[in-house]
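Raw target.cif, mmCIF, all heavy atoms:
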```cif
data_work
loop_
_atom_site.label_atom_id
_atom_site.label_comp_id
_atom_site.auth_asym_id
_atom_site.auth_seq_id
_atom_site.Cartn_x
_atom_site.Cartn_y
_atom_site.Cartn_z
N MET A 1 21.36 -76.19 -11.74
CA MET A 1 22.02 -75.16 -10.98
C MET A 1 21.79 -75.43 -9.49
O MET A 1 20.71 -75.83 -9.09
CB MET A 1 21.47 -73.79 -11.38
CG MET A 1 22.18 -72.65 -10.67
SD MET A 1 21.56 -71.04 -11.17
CE MET A 1 22.11 -70.99 -12.86
N ARG A 2 22.81 -75.22 -8.70
CA ARG A 2 22.71 -75.45 -7.26
C ARG A 2 22.59 -74.12 -6.52
O ARG A 2 23.09 -73.11 -6.97
CB ARG A 2 23.92 -76.22 -6.78
CG ARG A 2 23.95 -77.64 -7.35
CD ARG A 2 25.19 -78.36 -6.99
NE ARG A 2 25.39 -78.33 -5.55
CZ ARG A 2 26.09 -79.22 -4.88
NH1 ARG A 2 26.67 -80.20 -5.51
NH2 ARG A 2 26.23 -79.12 -3.58
N TYR A 3 21.96 -74.19 -5.38
CA TYR A 3 21.72 -73.00 -4.56
C TYR A 3 22.33 -73.21 -3.20
O TYR A 3 22.42 -74.33 -2.71
CB TYR A 3 20.22 -72.73 -4.44
CG TYR A 3 19.59 -72.46 -5.79
CD1 TYR A 3 19.11 -73.50 -6.56
CD2 TYR A 3 19.52 -71.17 -6.29
CE1 TYR A 3 18.56 -73.26 -7.81
CE2 TYR A 3 18.97 -70.91 -7.53
CZ TYR A 3 18.49 -71.96 -8.29
OH TYR A 3 17.96 -71.72 -9.52
N ILE A 4 22.74 -72.11 -2.59
CA ILE A 4 23.36 -72.18 -1.27
C ILE A 4 22.84 -71.02 -0.41
O ILE A 4 22.57 -69.94 -0.90
CB ILE A 4 24.90 -72.13 -1.39
CG1 ILE A 4 25.57 -72.38 -0.04
CG2 ILE A 4 25.37 -70.84 -2.01
CD1 ILE A 4 27.06 -72.61 -0.13
N CYS A 5 22.72 -71.30 0.87
CA CYS A 5 22.31 -70.27 1.81
C CYS A 5 23.56 -69.55 2.30
O CYS A 5 24.46 -70.19 2.83
CB CYS A 5 21.56 -70.89 2.99
SG CYS A 5 21.19 -69.70 4.28
N PRO A 6 23.65 -68.24 2.12
CA PRO A 6 24.85 -67.52 2.56
C PRO A 6 24.98 -67.44 4.07
O PRO A 6 26.06 -67.19 4.59
CB PRO A 6 24.67 -66.13 1.95
CG PRO A 6 23.21 -65.98 1.72
CD PRO A 6 22.68 -67.37 1.48
N LYS A 7 23.90 -67.69 4.79
CA LYS A 7 23.92 -67.58 6.25
C LYS A 7 24.37 -68.89 6.90
O LYS A 7 25.30 -68.90 7.69
CB LYS A 7 22.53 -67.17 6.74
CG LYS A 7 22.48 -66.85 8.21
CD LYS A 7 21.10 -66.32 8.58
CE LYS A 7 21.03 -65.99 10.05
NZ LYS A 7 19.69 -65.51 10.42
N CYS A 8 23.70 -70.01 6.58
CA CYS A 8 24.03 -71.28 7.23
C CYS A 8 24.79 -72.24 6.31
O CYS A 8 25.16 -73.33 6.72
CB CYS A 8 22.76 -71.94 7.77
SG CYS A 8 21.66 -72.60 6.49
N GLU A 9 24.99 -71.84 5.05
CA GLU A 9 25.73 -72.62 4.06
C GLU A 9 25.08 -73.94 3.70
O GLU A 9 25.73 -74.86 3.20
CB GLU A 9 27.18 -72.81 4.49
CG GLU A 9 27.91 -71.49 4.62
CD GLU A 9 29.39 -71.65 4.93
OE1 GLU A 9 29.87 -72.80 4.96
OE2 GLU A 9 30.05 -70.63 5.14
N GLU A 10 23.77 -74.06 3.93
CA GLU A 10 23.02 -75.24 3.50
C GLU A 10 22.94 -75.21 1.97
O GLU A 10 22.75 -74.17 1.36
CB GLU A 10 21.62 -75.20 4.11
CG GLU A 10 20.80 -76.42 3.82
CD GLU A 10 21.28 -77.66 4.55
OE1 GLU A 10 21.90 -77.52 5.62
OE2 GLU A 10 21.04 -78.77 4.05
N ARG A 11 23.11 -76.37 1.34
CA ARG A 11 23.09 -76.44 -0.12
C ARG A 11 21.81 -77.13 -0.59
O ARG A 11 21.35 -78.08 0.02
CB ARG A 11 24.32 -77.22 -0.62
CG ARG A 11 25.60 -76.52 -0.27
CD ARG A 11 26.81 -77.29 -0.77
NE ARG A 11 28.04 -76.76 -0.22
CZ ARG A 11 28.68 -75.70 -0.70
NH1 ARG A 11 28.20 -75.08 -1.74
NH2 ARG A 11 29.78 -75.28 -0.14
N PHE A 12 21.29 -76.65 -1.72
CA PHE A 12 20.06 -77.18 -2.30
C PHE A 12 20.28 -77.49 -3.77
O PHE A 12 20.84 -76.68 -4.50
CB PHE A 12 18.93 -76.15 -2.18
CG PHE A 12 18.59 -75.78 -0.76
CD1 PHE A 12 19.28 -74.78 -0.09
CD2 PHE A 12 17.57 -76.44 -0.09
CE1 PHE A 12 18.97 -74.44 1.21
CE2 PHE A 12 17.25 -76.11 1.21
CZ PHE A 12 17.94 -75.11 1.86
N GLU A 13 19.84 -78.66 -4.20
CA GLU A 13 19.91 -79.01 -5.62
C GLU A 13 18.82 -78.28 -6.40
O GLU A 13 19.02 -77.89 -7.54
CB GLU A 13 19.73 -80.53 -5.80
CG GLU A 13 20.88 -81.36 -5.27
CD GLU A 13 22.16 -81.15 -6.06
OE1 GLU A 13 22.09 -80.96 -7.29
OE2 GLU A 13 23.24 -81.18 -5.45
N VAL A 14 17.67 -78.10 -5.76
CA VAL A 14 16.54 -77.43 -6.39
C VAL A 14 16.13 -76.26 -5.51
O VAL A 14 16.00 -76.41 -4.30
CB VAL A 14 15.35 -78.41 -6.55
CG1 VAL A 14 14.14 -77.70 -7.15
CG2 VAL A 14 15.75 -79.60 -7.39
N LYS A 15 15.93 -75.11 -6.12
CA LYS A 15 15.55 -73.92 -5.35
C LYS A 15 14.11 -74.07 -4.85
O LYS A 15 13.21 -74.35 -5.65
CB LYS A 15 15.67 -72.68 -6.22
CG LYS A 15 15.43 -71.39 -5.47
CD LYS A 15 15.67 -70.20 -6.37
CE LYS A 15 15.57 -68.90 -5.59
NZ LYS A 15 15.85 -67.76 -6.46
N PRO A 16 13.88 -73.91 -3.56
CA PRO A 16 12.51 -73.95 -3.05
C PRO A 16 11.67 -72.86 -3.71
O PRO A 16 12.21 -71.81 -4.07
CB PRO A 16 12.67 -73.68 -1.55
CG PRO A 16 14.10 -73.98 -1.24
CD PRO A 16 14.86 -73.70 -2.50
N PRO A 17 10.37 -73.09 -3.87
CA PRO A 17 9.51 -72.09 -4.52
C PRO A 17 9.59 -70.71 -3.87
O PRO A 17 9.50 -69.69 -4.54
CB PRO A 17 8.10 -72.66 -4.38
CG PRO A 17 8.28 -74.12 -4.12
CD PRO A 17 9.63 -74.29 -3.48
N SER A 18 9.80 -70.68 -2.57
CA SER A 18 9.87 -69.41 -1.86
C SER A 18 11.22 -68.72 -2.07
O SER A 18 11.34 -67.51 -1.88
CB SER A 18 9.65 -69.63 -0.37
OG SER A 18 10.69 -70.45 0.16
N GLY A 19 12.26 -69.49 -2.44
CA GLY A 19 13.60 -68.93 -2.59
C GLY A 19 14.28 -68.67 -1.26
O GLY A 19 15.28 -67.99 -1.19
N ILE A 20 13.71 -69.24 -0.19
CA ILE A 20 14.19 -69.01 1.17
C ILE A 20 14.72 -70.32 1.74
O ILE A 20 14.15 -71.39 1.53
CB ILE A 20 13.04 -68.50 2.06
CG1 ILE A 20 12.43 -67.22 1.49
CG2 ILE A 20 13.49 -68.29 3.49
CD1 ILE A 20 13.30 -66.01 1.56
N CYS A 21 15.81 -70.25 2.49
CA CYS A 21 16.39 -71.43 3.15
C CYS A 21 15.39 -71.98 4.16
O CYS A 21 14.85 -71.23 4.97
CB CYS A 21 17.68 -71.03 3.84
SG CYS A 21 18.43 -72.38 4.79
N SER A 22 15.16 -73.27 4.12
CA SER A 22 14.21 -73.90 5.03
C SER A 22 14.78 -74.05 6.44
O SER A 22 14.05 -74.34 7.38
CB SER A 22 13.80 -75.27 4.49
OG SER A 22 14.93 -76.08 4.32
N HIS A 23 16.08 -73.82 6.60
CA HIS A 23 16.71 -73.97 7.91
C HIS A 23 16.79 -72.66 8.69
O HIS A 23 16.62 -72.63 9.90
CB HIS A 23 18.10 -74.57 7.77
CG HIS A 23 18.08 -75.93 7.15
ND1 HIS A 23 17.79 -77.06 7.87
CD2 HIS A 23 18.30 -76.33 5.88
CE1 HIS A 23 17.83 -78.10 7.05
NE2 HIS A 23 18.13 -77.69 5.84
N CYS A 24 17.11 -71.56 7.98
CA CYS A 24 17.31 -70.30 8.71
C CYS A 24 16.54 -69.12 8.11
O CYS A 24 16.71 -67.99 8.55
CB CYS A 24 18.79 -69.97 8.79
SG CYS A 24 19.49 -69.56 7.19
N ASP A 25 15.74 -69.37 7.08
CA ASP A 25 14.90 -68.34 6.45
C ASP A 25 15.66 -67.22 5.76
O ASP A 25 15.15 -66.13 5.58
CB ASP A 25 13.92 -67.74 7.47
CG ASP A 25 12.93 -68.77 7.99
OD1 ASP A 25 12.55 -69.66 7.21
OD2 ASP A 25 12.55 -68.69 9.17
N ALA A 26 16.90 -67.46 5.36
CA ALA A 26 17.66 -66.47 4.60
C ALA A 26 17.43 -66.69 3.10
O ALA A 26 17.20 -67.82 2.67
CB ALA A 26 19.15 -66.59 4.91
N PRO A 27 17.48 -65.63 2.29
CA PRO A 27 17.32 -65.80 0.84
C PRO A 27 18.49 -66.57 0.24
O PRO A 27 19.64 -66.32 0.57
CB PRO A 27 17.27 -64.38 0.30
CG PRO A 27 17.50 -63.47 1.44
CD PRO A 27 17.61 -64.25 2.69
N LEU A 28 18.17 -67.52 -0.63
CA LEU A 28 19.20 -68.35 -1.26
C LEU A 28 19.85 -67.61 -2.42
O LEU A 28 19.23 -66.77 -3.06
CB LEU A 28 18.59 -69.65 -1.77
CG LEU A 28 17.96 -70.55 -0.71
CD1 LEU A 28 17.34 -71.77 -1.38
CD2 LEU A 28 18.97 -70.99 0.32
N VAL A 29 21.10 -67.95 -2.69
CA VAL A 29 21.82 -67.44 -3.85
C VAL A 29 22.35 -68.63 -4.63
O VAL A 29 22.47 -69.74 -4.10
CB VAL A 29 22.99 -66.51 -3.44
CG1 VAL A 29 22.47 -65.28 -2.73
CG2 VAL A 29 24.00 -67.23 -2.60
N THR A 30 22.69 -68.41 -5.90
CA THR A 30 23.26 -69.50 -6.68
C THR A 30 24.68 -69.77 -6.22
O THR A 30 25.36 -68.88 -5.69
CB THR A 30 23.26 -69.18 -8.19
OG1 THR A 30 24.07 -68.04 -8.40
CG2 THR A 30 21.86 -68.94 -8.71
N GLU A 31 25.13 -70.98 -6.43
CA GLU A 31 26.48 -71.35 -6.02
C GLU A 31 27.51 -70.48 -6.75
O GLU A 31 28.55 -70.14 -6.21
CB GLU A 31 26.72 -72.82 -6.30
CG GLU A 31 27.74 -73.44 -5.39
CD GLU A 31 27.75 -74.95 -5.47
OE1 GLU A 31 27.66 -75.49 -6.58
OE2 GLU A 31 27.84 -75.58 -4.41
N ASN A 32 27.23 -70.08 -7.99
CA ASN A 32 28.13 -69.23 -8.75
C ASN A 32 28.30 -67.87 -8.09
O ASN A 32 29.39 -67.31 -8.10
CB ASN A 32 27.60 -69.03 -10.17
CG ASN A 32 27.67 -70.30 -10.98
OD1 ASN A 32 28.39 -71.23 -10.63
ND2 ASN A 32 26.89 -70.37 -12.04
N GLU A 33 27.24 -67.32 -7.51
CA GLU A 33 27.32 -66.01 -6.86
C GLU A 33 28.25 -66.07 -5.66
O GLU A 33 28.98 -65.13 -5.40
CB GLU A 33 25.94 -65.54 -6.42
CG GLU A 33 25.06 -65.12 -7.56
CD GLU A 33 23.70 -64.65 -7.07
OE1 GLU A 33 23.65 -63.87 -6.12
OE2 GLU A 33 22.71 -65.09 -7.65
N THR A 34 28.23 -67.16 -4.93
CA THR A 34 29.09 -67.27 -3.75
C THR A 34 30.54 -67.44 -4.16
O THR A 34 31.44 -66.98 -3.48
CB THR A 34 28.67 -68.44 -2.84
OG1 THR A 34 28.70 -69.65 -3.58
CG2 THR A 34 27.28 -68.20 -2.28
N ARG A 35 30.79 -68.07 -5.28
CA ARG A 35 32.17 -68.25 -5.74
C ARG A 35 32.78 -66.94 -6.19
O ARG A 35 33.98 -66.73 -6.08
CB ARG A 35 32.21 -69.26 -6.90
CG ARG A 35 32.00 -70.66 -6.41
CD ARG A 35 32.10 -71.63 -7.55
NE ARG A 35 31.80 -72.98 -7.10
CZ ARG A 35 31.50 -73.97 -7.90
NH1 ARG A 35 31.43 -73.77 -9.19
NH2 ARG A 35 31.25 -75.17 -7.41
N GLN A 36 31.97 -66.03 -6.73
CA GLN A 36 32.48 -64.74 -7.17
C GLN A 36 33.03 -63.94 -6.01
O GLN A 36 33.98 -63.20 -6.15
CB GLN A 36 31.39 -63.94 -7.87
CG GLN A 36 31.05 -64.52 -9.23
CD GLN A 36 29.89 -63.78 -9.87
OE1 GLN A 36 29.31 -62.89 -9.28
NE2 GLN A 36 29.52 -64.19 -11.05
N SER A 37 32.44 -64.10 -4.82
CA SER A 37 32.92 -63.37 -3.65
C SER A 37 33.93 -64.17 -2.84
O SER A 37 34.40 -63.74 -1.82
CB SER A 37 31.73 -62.98 -2.77
OG SER A 37 31.07 -64.12 -2.30
N ASP A 38 34.28 -65.35 -3.33
CA ASP A 38 35.24 -66.22 -2.65
C ASP A 38 36.64 -65.63 -2.75
O ASP A 38 37.07 -65.23 -3.83
CB ASP A 38 35.20 -67.61 -3.32
CG ASP A 38 36.01 -68.65 -2.58
OD1 ASP A 38 36.74 -68.28 -1.64
OD2 ASP A 38 35.90 -69.82 -2.94
N PRO A 39 37.38 -65.55 -1.65
CA PRO A 39 38.73 -64.97 -1.71
C PRO A 39 39.71 -65.76 -2.58
O PRO A 39 40.73 -65.25 -2.99
CB PRO A 39 39.19 -64.96 -0.26
CG PRO A 39 38.27 -65.83 0.48
CD PRO A 39 37.00 -65.94 -0.32
N HIS A 40 39.38 -67.01 -2.91
CA HIS A 40 40.27 -67.81 -3.75
C HIS A 40 40.13 -67.43 -5.22
O HIS A 40 41.01 -67.70 -6.01
CB HIS A 40 39.97 -69.30 -3.58
CG HIS A 40 40.21 -69.77 -2.20
ND1 HIS A 40 41.45 -69.82 -1.61
CD2 HIS A 40 39.35 -70.20 -1.24
CE1 HIS A 40 41.35 -70.26 -0.38
NE2 HIS A 40 40.08 -70.49 -0.13
N GLY A 41 39.02 -66.79 -5.58
CA GLY A 41 38.81 -66.35 -6.95
C GLY A 41 39.40 -64.98 -7.15
O GLY A 41 40.17 -64.48 -6.34
N GLU A 42 39.01 -64.34 -8.25
CA GLU A 42 39.49 -62.99 -8.51
C GLU A 42 38.80 -62.04 -7.55
O GLU A 42 37.59 -62.07 -7.39
CB GLU A 42 39.15 -62.58 -9.94
CG GLU A 42 39.93 -63.34 -10.97
CD GLU A 42 39.61 -62.85 -12.37
OE1 GLU A 42 39.24 -61.67 -12.52
OE2 GLU A 42 39.71 -63.65 -13.28
N SER A 43 39.55 -61.21 -6.90
CA SER A 43 38.95 -60.23 -6.00
C SER A 43 39.19 -58.84 -6.55
O SER A 43 40.17 -58.58 -7.24
CB SER A 43 39.53 -60.36 -4.60
OG SER A 43 40.89 -60.01 -4.60
N GLU A 44 38.29 -57.93 -6.23
CA GLU A 44 38.42 -56.57 -6.71
C GLU A 44 39.59 -55.85 -6.06
O GLU A 44 40.10 -54.88 -6.59
CB GLU A 44 37.12 -55.81 -6.44
CG GLU A 44 35.96 -56.37 -7.23
CD GLU A 44 34.67 -55.66 -6.89
OE1 GLU A 44 34.70 -54.59 -6.27
OE2 GLU A 44 33.61 -56.21 -7.24
N GLY A 45 40.02 -56.31 -4.89
CA GLY A 45 41.11 -55.66 -4.17
C GLY A 45 42.47 -55.90 -4.78
O GLY A 45 43.39 -55.13 -4.58
N SER A 46 42.65 -56.97 -5.53
CA SER A 46 43.96 -57.25 -6.10
C SER A 46 44.07 -56.59 -7.47
O SER A 46 43.22 -56.75 -8.31
CB SER A 46 44.19 -58.76 -6.23
OG SER A 46 43.22 -59.34 -7.06
N PRO A 47 45.14 -55.84 -7.70
CA PRO A 47 45.29 -55.16 -8.99
C PRO A 47 45.57 -56.15 -10.12
O PRO A 47 46.37 -57.08 -9.96
CB PRO A 47 46.49 -54.24 -8.75
CG PRO A 47 47.22 -54.79 -7.59
CD PRO A 47 46.20 -55.55 -6.77
N PRO A 48 44.93 -55.99 -11.26
CA PRO A 48 45.16 -56.92 -12.38
C PRO A 48 46.57 -56.82 -12.94
O PRO A 48 47.04 -57.73 -13.60
CB PRO A 48 44.13 -56.48 -13.43
CG PRO A 48 43.66 -55.14 -13.02
CD PRO A 48 43.93 -55.00 -11.55
N ALA A 49 47.30 -55.73 -12.66
CA ALA A 49 48.66 -55.57 -13.17
C ALA A 49 49.59 -56.64 -12.61
O ALA A 49 50.58 -56.98 -13.22
CB ALA A 49 49.17 -54.18 -12.83
N LYS A 50 49.28 -57.18 -11.44
CA LYS A 50 50.14 -58.20 -10.85
C LYS A 50 50.29 -59.42 -11.76
O LYS A 50 51.33 -60.02 -11.82
CB LYS A 50 49.52 -58.69 -9.53
CG LYS A 50 50.03 -57.98 -8.32
CD LYS A 50 49.47 -58.66 -7.09
CE LYS A 50 50.29 -58.33 -5.90
NZ LYS A 50 49.77 -58.96 -4.70
N ARG A 51 49.25 -59.74 -12.51
CA ARG A 51 49.28 -60.91 -13.38
C ARG A 51 50.26 -60.73 -14.54
O ARG A 51 50.76 -61.67 -15.08
CB ARG A 51 47.90 -61.17 -13.95
CG ARG A 51 46.92 -61.58 -12.89
CD ARG A 51 45.62 -61.85 -13.54
NE ARG A 51 44.62 -62.23 -12.56
CZ ARG A 51 43.50 -62.81 -12.83
NH1 ARG A 51 43.18 -63.06 -14.08
NH2 ARG A 51 42.64 -63.13 -11.90
N HIS A 52 50.45 -59.49 -14.96
CA HIS A 52 51.30 -59.24 -16.12
C HIS A 52 52.77 -59.18 -15.79
O HIS A 52 53.60 -59.12 -16.68
CB HIS A 52 50.86 -57.92 -16.78
CG HIS A 52 49.43 -57.95 -17.22
ND1 HIS A 52 48.98 -58.72 -18.25
CD2 HIS A 52 48.35 -57.29 -16.74
CE1 HIS A 52 47.68 -58.54 -18.38
NE2 HIS A 52 47.27 -57.68 -17.47
N LEU A 53 53.12 -59.19 -14.53
CA LEU A 53 54.54 -59.11 -14.16
C LEU A 53 55.26 -60.40 -14.35
O LEU A 53 54.75 -61.45 -14.27
CB LEU A 53 54.67 -58.68 -12.69
CG LEU A 53 54.19 -57.28 -12.39
CD1 LEU A 53 54.31 -57.01 -10.89
CD2 LEU A 53 55.01 -56.25 -13.14
#
```

Mind turning the file's structure into structure tokens?
Amino acid sequence: MRYICPKCEERFEVKPPSGICSHCDAPLVTENETRQSDPHGESEGSPPAKRHL
């Protein structure tokens, strides 16, 4: 699993023991978590009914 810093976008193959970005000291999240909030994916703002039209 890969980790990414939401602040500076530094990517890590292995999560540091502290769970903190070594560049800006922000807490790391998994790459999957950042994709869920990506505007290219499904967003909560778009109604699911649009897909059925």

Can you pull out every residue within 4.5 Å of range 4-9 of chain A, counting all atoms listed in the file, but drop anything in the same chain fewer than 5 positions away, and send it as a PDB file with all heavy atoms, keeping the file's coordinate frame?
```
ATOM      1  N   CYS A  21      15.810 -70.250   2.490  1.00  0.00           N
ATOM      2  CA  CYS A  21      16.390 -71.430   3.150  1.00  0.00           C
ATOM      3  C   CYS A  21      15.390 -71.980   4.160  1.00  0.00           C
ATOM      4  O   CYS A  21      14.850 -71.230   4.970  1.00  0.00           O
ATOM      5  CB  CYS A  21      17.680 -71.030   3.840  1.00  0.00           C
ATOM      6  SG  CYS A  21      18.430 -72.380   4.790  1.00  0.00           S
ATOM      7  N   HIS A  23      16.080 -73.820   6.600  1.00  0.00           N
ATOM      8  CA  HIS A  23      16.710 -73.970   7.910  1.00  0.00           C
ATOM      9  C   HIS A  23      16.790 -72.660   8.690  1.00  0.00           C
ATOM     10  O   HIS A  23      16.620 -72.630   9.900  1.00  0.00           O
ATOM     11  CB  HIS A  23      18.100 -74.570   7.770  1.00  0.00           C
ATOM     12  CG  HIS A  23      18.080 -75.930   7.150  1.00  0.00           C
ATOM     13  ND1 HIS A  23      17.790 -77.060   7.870  1.00  0.00           N
ATOM     14  CD2 HIS A  23      18.300 -76.330   5.880  1.00  0.00           C
ATOM     15  CE1 HIS A  23      17.830 -78.100   7.050  1.00  0.00           C
ATOM     16  NE2 HIS A  23      18.130 -77.690   5.840  1.00  0.00           N
ATOM     17  N   CYS A  24      17.110 -71.560   7.980  1.00  0.00           N
ATOM     18  CA  CYS A  24      17.310 -70.300   8.710  1.00  0.00           C
ATOM     19  C   CYS A  24      16.540 -69.120   8.110  1.00  0.00           C
ATOM     20  O   CYS A  24      16.710 -67.990   8.550  1.00  0.00           O
ATOM     21  CB  CYS A  24      18.790 -69.970   8.790  1.00  0.00           C
ATOM     22  SG  CYS A  24      19.490 -69.560   7.190  1.00  0.00           S
ATOM     23  N   ALA A  26      16.900 -67.460   5.360  1.00  0.00           N
ATOM     24  CA  ALA A  26      17.660 -66.470   4.600  1.00  0.00           C
ATOM     25  C   ALA A  26      17.430 -66.690   3.100  1.00  0.00           C
ATOM     26  O   ALA A  26      17.200 -67.820   2.670  1.00  0.00           O
ATOM     27  CB  ALA A  26      19.150 -66.590   4.910  1.00  0.00           C
ATOM     28  N   PRO A  27      17.480 -65.630   2.290  1.00  0.00           N
ATOM     29  CA  PRO A  27      17.320 -65.800   0.840  1.00  0.00           C
ATOM     30  C   PRO A  27      18.490 -66.570   0.240  1.00  0.00           C
ATOM     31  O   PRO A  27      19.640 -66.320   0.570  1.00  0.00           O
ATOM     32  CB  PRO A  27      17.270 -64.380   0.300  1.00  0.00           C
ATOM     33  CG  PRO A  27      17.500 -63.470   1.440  1.00  0.00           C
ATOM     34  CD  PRO A  27      17.610 -64.250   2.690  1.00  0.00           C
ATOM     35  N   LEU A  28      18.170 -67.520  -0.630  1.00  0.00           N
ATOM     36  CA  LEU A  28      19.200 -68.350  -1.260  1.00  0.00           C
ATOM     37  C   LEU A  28      19.850 -67.610  -2.420  1.00  0.00           C
ATOM     38  O   LEU A  28      19.230 -66.770  -3.060  1.00  0.00           O
ATOM     39  CB  LEU A  28      18.590 -69.650  -1.770  1.00  0.00           C
ATOM     40  CG  LEU A  28      17.960 -70.550  -0.710  1.00  0.00           C
ATOM     41  CD1 LEU A  28      17.340 -71.770  -1.380  1.00  0.00           C
ATOM     42  CD2 LEU A  28      18.970 -70.990   0.320  1.00  0.00           C
ATOM     43  N   VAL A  29      21.100 -67.950  -2.690  1.00  0.00           N
ATOM     44  CA  VAL A  29      21.820 -67.440  -3.850  1.00  0.00           C
ATOM     45  C   VAL A  29      22.350 -68.630  -4.630  1.00  0.00           C
ATOM     46  O   VAL A  29      22.470 -69.740  -4.100  1.00  0.00           O
ATOM     47  CB  VAL A  29      22.990 -66.510  -3.440  1.00  0.00           C
ATOM     48  CG1 VAL A  29      22.470 -65.280  -2.730  1.00  0.00           C
ATOM     49  CG2 VAL A  29      24.000 -67.230  -2.600  1.00  0.00           C
ATOM     50  N   THR A  30      22.690 -68.410  -5.900  1.00  0.00           N
ATOM     51  CA  THR A  30      23.260 -69.500  -6.680  1.00  0.00           C
ATOM     52  C   THR A  30      24.680 -69.770  -6.220  1.00  0.00           C
ATOM     53  O   THR A  30      25.360 -68.880  -5.690  1.00  0.00           O
ATOM     54  CB  THR A  30      23.260 -69.180  -8.190  1.00  0.00           C
ATOM     55  OG1 THR A  30      24.070 -68.040  -8.400  1.00  0.00           O
ATOM     56  CG2 THR A  30      21.860 -68.940  -8.710  1.00  0.00           C
ATOM     57  N   GLU A  31      25.130 -70.980  -6.430  1.00  0.00           N
ATOM     58  CA  GLU A  31      26.480 -71.350  -6.020  1.00  0.00           C
ATOM     59  C   GLU A  31      27.510 -70.480  -6.750  1.00  0.00           C
ATOM     60  O   GLU A  31      28.550 -70.140  -6.210  1.00  0.00           O
ATOM     61  CB  GLU A  31      26.720 -72.820  -6.300  1.00  0.00           C
ATOM     62  CG  GLU A  31      27.740 -73.440  -5.390  1.00  0.00           C
ATOM     63  CD  GLU A  31      27.750 -74.950  -5.470  1.00  0.00           C
ATOM     64  OE1 GLU A  31      27.660 -75.490  -6.580  1.00  0.00           O
ATOM     65  OE2 GLU A  31      27.840 -75.580  -4.410  1.00  0.00           O
ATOM     66  N   THR A  34      28.230 -67.160  -4.930  1.00  0.00           N
ATOM     67  CA  THR A  34      29.090 -67.270  -3.750  1.00  0.00           C
ATOM     68  C   THR A  34      30.540 -67.440  -4.160  1.00  0.00           C
ATOM     69  O   THR A  34      31.440 -66.980  -3.480  1.00  0.00           O
ATOM     70  CB  THR A  34      28.670 -68.440  -2.840  1.00  0.00           C
ATOM     71  OG1 THR A  34      28.700 -69.650  -3.580  1.00  0.00           O
ATOM     72  CG2 THR A  34      27.280 -68.200  -2.280  1.00  0.00           C
TER      73      THR A  34
END
```

message: What's the separation between atom O of Asp25 in chain A and CE1 of Phe12 in chain A, in Å to one decimal place?
response: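 Result for atom O of Asp25 in chain A versus CE1 of Phe12 in chain A: 10.1 Å, one decimal.
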
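Across the model, the gap from SD of Met1 in chain A to CA of Ser18 in chain A is 15.0 Å.
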